[in-house]
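For reference, work29.pdb (PDB, C-alpha atoms):
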```
ATOM      1  CA  MET A   1       4.469 -24.892  -5.700  1.00  0.00           C
ATOM      2  CA  ILE A   2       5.703 -21.646  -7.247  1.00  0.00           C
ATOM      3  CA  ILE A   3       2.601 -19.801  -6.047  1.00  0.00           C
ATOM      4  CA  THR A   4       3.184 -21.061  -2.504  1.00  0.00           C
ATOM      5  CA  LEU A   5       6.784 -19.834  -2.677  1.00  0.00           C
ATOM      6  CA  LEU A   6       5.599 -16.408  -3.836  1.00  0.00           C
ATOM      7  CA  ILE A   7       3.085 -16.197  -1.006  1.00  0.00           C
ATOM      8  CA  ILE A   8       5.724 -17.214   1.550  1.00  0.00           C
ATOM      9  CA  GLY A   9       8.053 -14.571   0.102  1.00  0.00           C
ATOM     10  CA  GLY A  10       5.315 -11.950   0.325  1.00  0.00           C
ATOM     11  CA  PHE A  11       4.615 -12.785   3.951  1.00  0.00           C
ATOM     12  CA  MET A  12       8.337 -12.687   4.735  1.00  0.00           C
ATOM     13  CA  GLY A  13       8.604  -9.295   3.027  1.00  0.00           C
ATOM     14  CA  LEU A  14       5.672  -7.969   5.032  1.00  0.00           C
ATOM     15  CA  GLY A  15       7.268  -9.389   8.169  1.00  0.00           C
ATOM     16  CA  ILE A  16      10.455  -7.451   7.479  1.00  0.00           C
ATOM     17  CA  VAL A  17       8.515  -4.232   6.855  1.00  0.00           C
ATOM     18  CA  PHE A  18       6.485  -4.675  10.048  1.00  0.00           C
ATOM     19  CA  MET A  19       9.528  -5.596  12.173  1.00  0.00           C
ATOM     20  CA  ASN A  20      11.061  -2.244  11.251  1.00  0.00           C
ATOM     21  CA  GLY A  21       8.023  -0.514  12.758  1.00  0.00           C
ATOM     22  CA  LYS A  22       6.726   0.565   9.364  1.00  0.00           C
ATOM     23  CA  GLY A  23       3.679  -0.396   7.321  1.00  0.00           C
ATOM     24  CA  SER A  24       0.987   0.377   9.858  1.00  0.00           C
ATOM     25  CA  ILE A  25      -1.200   1.479   6.937  1.00  0.00           C
ATOM     26  CA  LEU A  26      -1.368  -2.213   5.941  1.00  0.00           C
ATOM     27  CA  ILE A  27      -2.921  -3.329   9.233  1.00  0.00           C
ATOM     28  CA  ALA A  28      -6.660  -3.714   8.776  1.00  0.00           C
ATOM     29  CA  GLY A  29      -8.673  -1.749  11.281  1.00  0.00           C
ATOM     30  CA  TYR A  30      -5.784   0.492  12.265  1.00  0.00           C
ATOM     31  CA  ASN A  31      -5.684   2.254   8.906  1.00  0.00           C
ATOM     32  CA  THR A  32      -9.399   3.104   9.097  1.00  0.00           C
ATOM     33  CA  MET A  33      -9.170   4.779  12.509  1.00  0.00           C
ATOM     34  CA  SER A  34      -9.345   8.511  12.908  1.00  0.00           C
ATOM     35  CA  PRO A  35      -6.089  10.295  13.731  1.00  0.00           C
ATOM     36  CA  VAL A  36      -7.335  10.808  17.301  1.00  0.00           C
ATOM     37  CA  GLU A  37      -7.853   7.054  17.748  1.00  0.00           C
ATOM     38  CA  LYS A  38      -4.507   6.236  16.086  1.00  0.00           C
ATOM     39  CA  ALA A  39      -2.720   8.465  18.608  1.00  0.00           C
ATOM     40  CA  LYS A  40      -3.887   6.160  21.414  1.00  0.00           C
ATOM     41  CA  TYR A  41      -1.931   3.155  20.052  1.00  0.00           C
ATOM     42  CA  ASP A  42       1.735   2.237  20.212  1.00  0.00           C
ATOM     43  CA  VAL A  43       2.315   1.832  16.485  1.00  0.00           C
ATOM     44  CA  VAL A  44       5.817   0.378  16.750  1.00  0.00           C
ATOM     45  CA  ALA A  45       4.741  -2.371  19.180  1.00  0.00           C
ATOM     46  CA  LEU A  46       1.736  -3.198  17.008  1.00  0.00           C
ATOM     47  CA  CYS A  47       3.877  -3.388  13.868  1.00  0.00           C
ATOM     48  CA  LYS A  48       6.508  -5.553  15.555  1.00  0.00           C
ATOM     49  CA  PHE A  49       3.849  -7.978  16.759  1.00  0.00           C
ATOM     50  CA  MET A  50       2.390  -8.177  13.265  1.00  0.00           C
ATOM     51  CA  GLY A  51       5.886  -8.781  11.880  1.00  0.00           C
ATOM     52  CA  LYS A  52       6.401 -11.725  14.214  1.00  0.00           C
ATOM     53  CA  MET A  53       3.032 -13.114  13.208  1.00  0.00           C
ATOM     54  CA  MET A  54       3.864 -12.771   9.498  1.00  0.00           C
ATOM     55  CA  PHE A  55       7.029 -14.810  10.083  1.00  0.00           C
ATOM     56  CA  ALA A  56       5.036 -17.426  12.013  1.00  0.00           C
ATOM     57  CA  LEU A  57       2.430 -17.652   9.256  1.00  0.00           C
ATOM     58  CA  SER A  58       5.105 -18.019   6.588  1.00  0.00           C
ATOM     59  CA  PHE A  59       6.718 -20.788   8.664  1.00  0.00           C
ATOM     60  CA  SER A  60       3.416 -22.652   8.757  1.00  0.00           C
ATOM     61  CA  MET A  61       3.131 -22.313   4.982  1.00  0.00           C
ATOM     62  CA  VAL A  62       6.474 -24.063   4.579  1.00  0.00           C
ATOM     63  CA  PHE A  63       4.640 -27.248   5.551  1.00  0.00           C
ATOM     64  CA  TRP A  64       2.316 -26.695   2.579  1.00  0.00           C
ATOM     65  CA  LEU A  65       5.355 -26.504   0.344  1.00  0.00           C
ATOM     66  CA  LEU A  66       6.859 -29.623   1.891  1.00  0.00           C
ATOM     67  CA  SER A  67       3.601 -31.496   1.334  1.00  0.00           C
ATOM     68  CA  ASP A  68       3.931 -30.787  -2.402  1.00  0.00           C
ATOM     69  CA  VAL A  69       7.583 -31.816  -2.467  1.00  0.00           C
ATOM     70  CA  TYR A  70       7.095 -35.065  -0.556  1.00  0.00           C
ATOM     71  CA  ASP A  71       3.535 -35.729  -1.806  1.00  0.00           C
ATOM     72  CA  ASN A  72       2.355 -36.113   1.776  1.00  0.00           C
ATOM     73  CA  ASN A  73      -1.055 -34.661   2.635  1.00  0.00           C
ATOM     74  CA  SER A  74      -0.491 -34.919   6.377  1.00  0.00           C
ATOM     75  CA  LEU A  75       2.145 -32.164   6.148  1.00  0.00           C
ATOM     76  CA  PHE A  76      -0.393 -29.916   4.447  1.00  0.00           C
ATOM     77  CA  TYR A  77      -2.991 -30.554   7.135  1.00  0.00           C
ATOM     78  CA  PHE A  78      -0.447 -29.938   9.881  1.00  0.00           C
ATOM     79  CA  GLY A  79       0.522 -26.625   8.255  1.00  0.00           C
ATOM     80  CA  LEU A  80      -3.126 -25.684   7.813  1.00  0.00           C
ATOM     81  CA  VAL A  81      -3.980 -26.391  11.458  1.00  0.00           C
ATOM     82  CA  LEU A  82      -0.884 -24.440  12.534  1.00  0.00           C
ATOM     83  CA  PHE A  83      -1.879 -21.525  10.263  1.00  0.00           C
ATOM     84  CA  ILE A  84      -5.413 -21.406  11.681  1.00  0.00           C
ATOM     85  CA  ALA A  85      -4.095 -21.673  15.250  1.00  0.00           C
ATOM     86  CA  ILE A  86      -1.741 -18.727  14.659  1.00  0.00           C
ATOM     87  CA  VAL A  87      -4.565 -16.609  13.209  1.00  0.00           C
ATOM     88  CA  VAL A  88      -6.850 -17.433  16.152  1.00  0.00           C
ATOM     89  CA  PHE A  89      -4.027 -16.601  18.589  1.00  0.00           C
ATOM     90  CA  MET A  90      -3.424 -13.291  16.799  1.00  0.00           C
ATOM     91  CA  LEU A  91      -7.073 -12.304  16.984  1.00  0.00           C
ATOM     92  CA  ILE A  92      -7.425 -13.178  20.649  1.00  0.00           C
ATOM     93  CA  TYR A  93      -4.101 -11.650  21.704  1.00  0.00           C
ATOM     94  CA  MET A  94      -4.672  -8.381  19.862  1.00  0.00           C
ATOM     95  CA  ASN A  95      -8.264  -7.885  20.990  1.00  0.00           C
ATOM     96  CA  ALA A  96      -8.101  -9.129  24.580  1.00  0.00           C
ATOM     97  CA  GLY A  97      -6.858  -6.381  26.833  1.00  0.00           C
ATOM     98  CA  ASN A  98      -5.195  -3.125  25.898  1.00  0.00           C
ATOM     99  CA  ARG A  99      -1.803  -4.502  24.901  1.00  0.00           C
ATOM    100  CA  PHE A 100      -1.036  -1.960  22.215  1.00  0.00           C
ATOM    101  CA  LYS A 101      -2.546   1.136  23.793  1.00  0.00           C
ATOM    102  CA  LYS A 102      -0.214   3.814  25.105  1.00  0.00           C
TER
END
```
Hey, can you dump this file as structure tokens for me?
Amino acid sequence: MIITLLIIGGFMGLGIVFMNGKGSILIAGYNTMSPVEKAKYDVVALCKFMGKMMFALSFSMVFWLLSDVYDNNSLFYFGLVLFIAIVVFMLIYMNAGNRFKK
């Protein structure tokens, strides 16, 4: 339970960093681009989107914590399905179209 709390706290911390438009170096794929490629992207919009997704992922992990507290496996499965759905949404939303290009 303590480990889950630490992970939720870490995701919330990353969410705060990203919502301030900072921490783009932590976004996989973006940090490996050349400076010419990085100039084509709206970094602030990308970071804010990632911040919102970090908050959503941490919210889904709260169900994992609640499953430990109430000893109810269905809460864990609900949180897990929600977590996977958020990750799939993130991948599709970020890669379909040119949403974050300038």
Exercise. For this file, the PyMOL selection byres ((chain A and resi 55) around 12) selects which residues, as an MDAnalysis selection string?
Worked result: chainID A and resid 7:19 48:54 56:62 83 86
Exercise. Which residues come within 8 Å of region 28-45 of chain A, counting only C-alpha atoms, excluding same-chain residues fewer than 5 positions away, as a count of residues only?
Worked result: 5
For this session: Have a look at A:Leu80, A:Val87, A:Cys47, A:Leu65 and name the one nearest to Gly23 (chain A); count all atoms listed in the file.
Result: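 Ranked by minimum distance to Gly23 (chain A), first place goes to A:Cys47.
Rounded to one decimal, CA of Gly79 (chain A) and CA of Ser67 (chain A) lie 9.0 Å from each other.
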Exercise. So what do you get for CA of Leu91 (chain A) versus CA of Phe78 (chain A), distance-wise?
Worked result: 20.1 Å
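Between Val81 (chain A) and the candidates A:Ile2, A:Leu26, A:Phe63, A:Tyr93, the tightest atom-to-atom separation, counting only C-alpha atoms, involves A:Phe63.
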For this session: With the file shown as input, list the residues that the PyMOL selection byres ((chain A and resi 1) around 9) selects, as an MDAnalysis selection string.
Result: chainID A and resid 2:6 64:65 68:69
For this session: Could you tell me how far CA of Tyr70 (chain A) lies from CA of Val88 (chain A), in Å and to one decimal?
Result: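 Pair CA of Tyr70 (chain A) / CA of Val88 (chain A) returns 28.0 Å.
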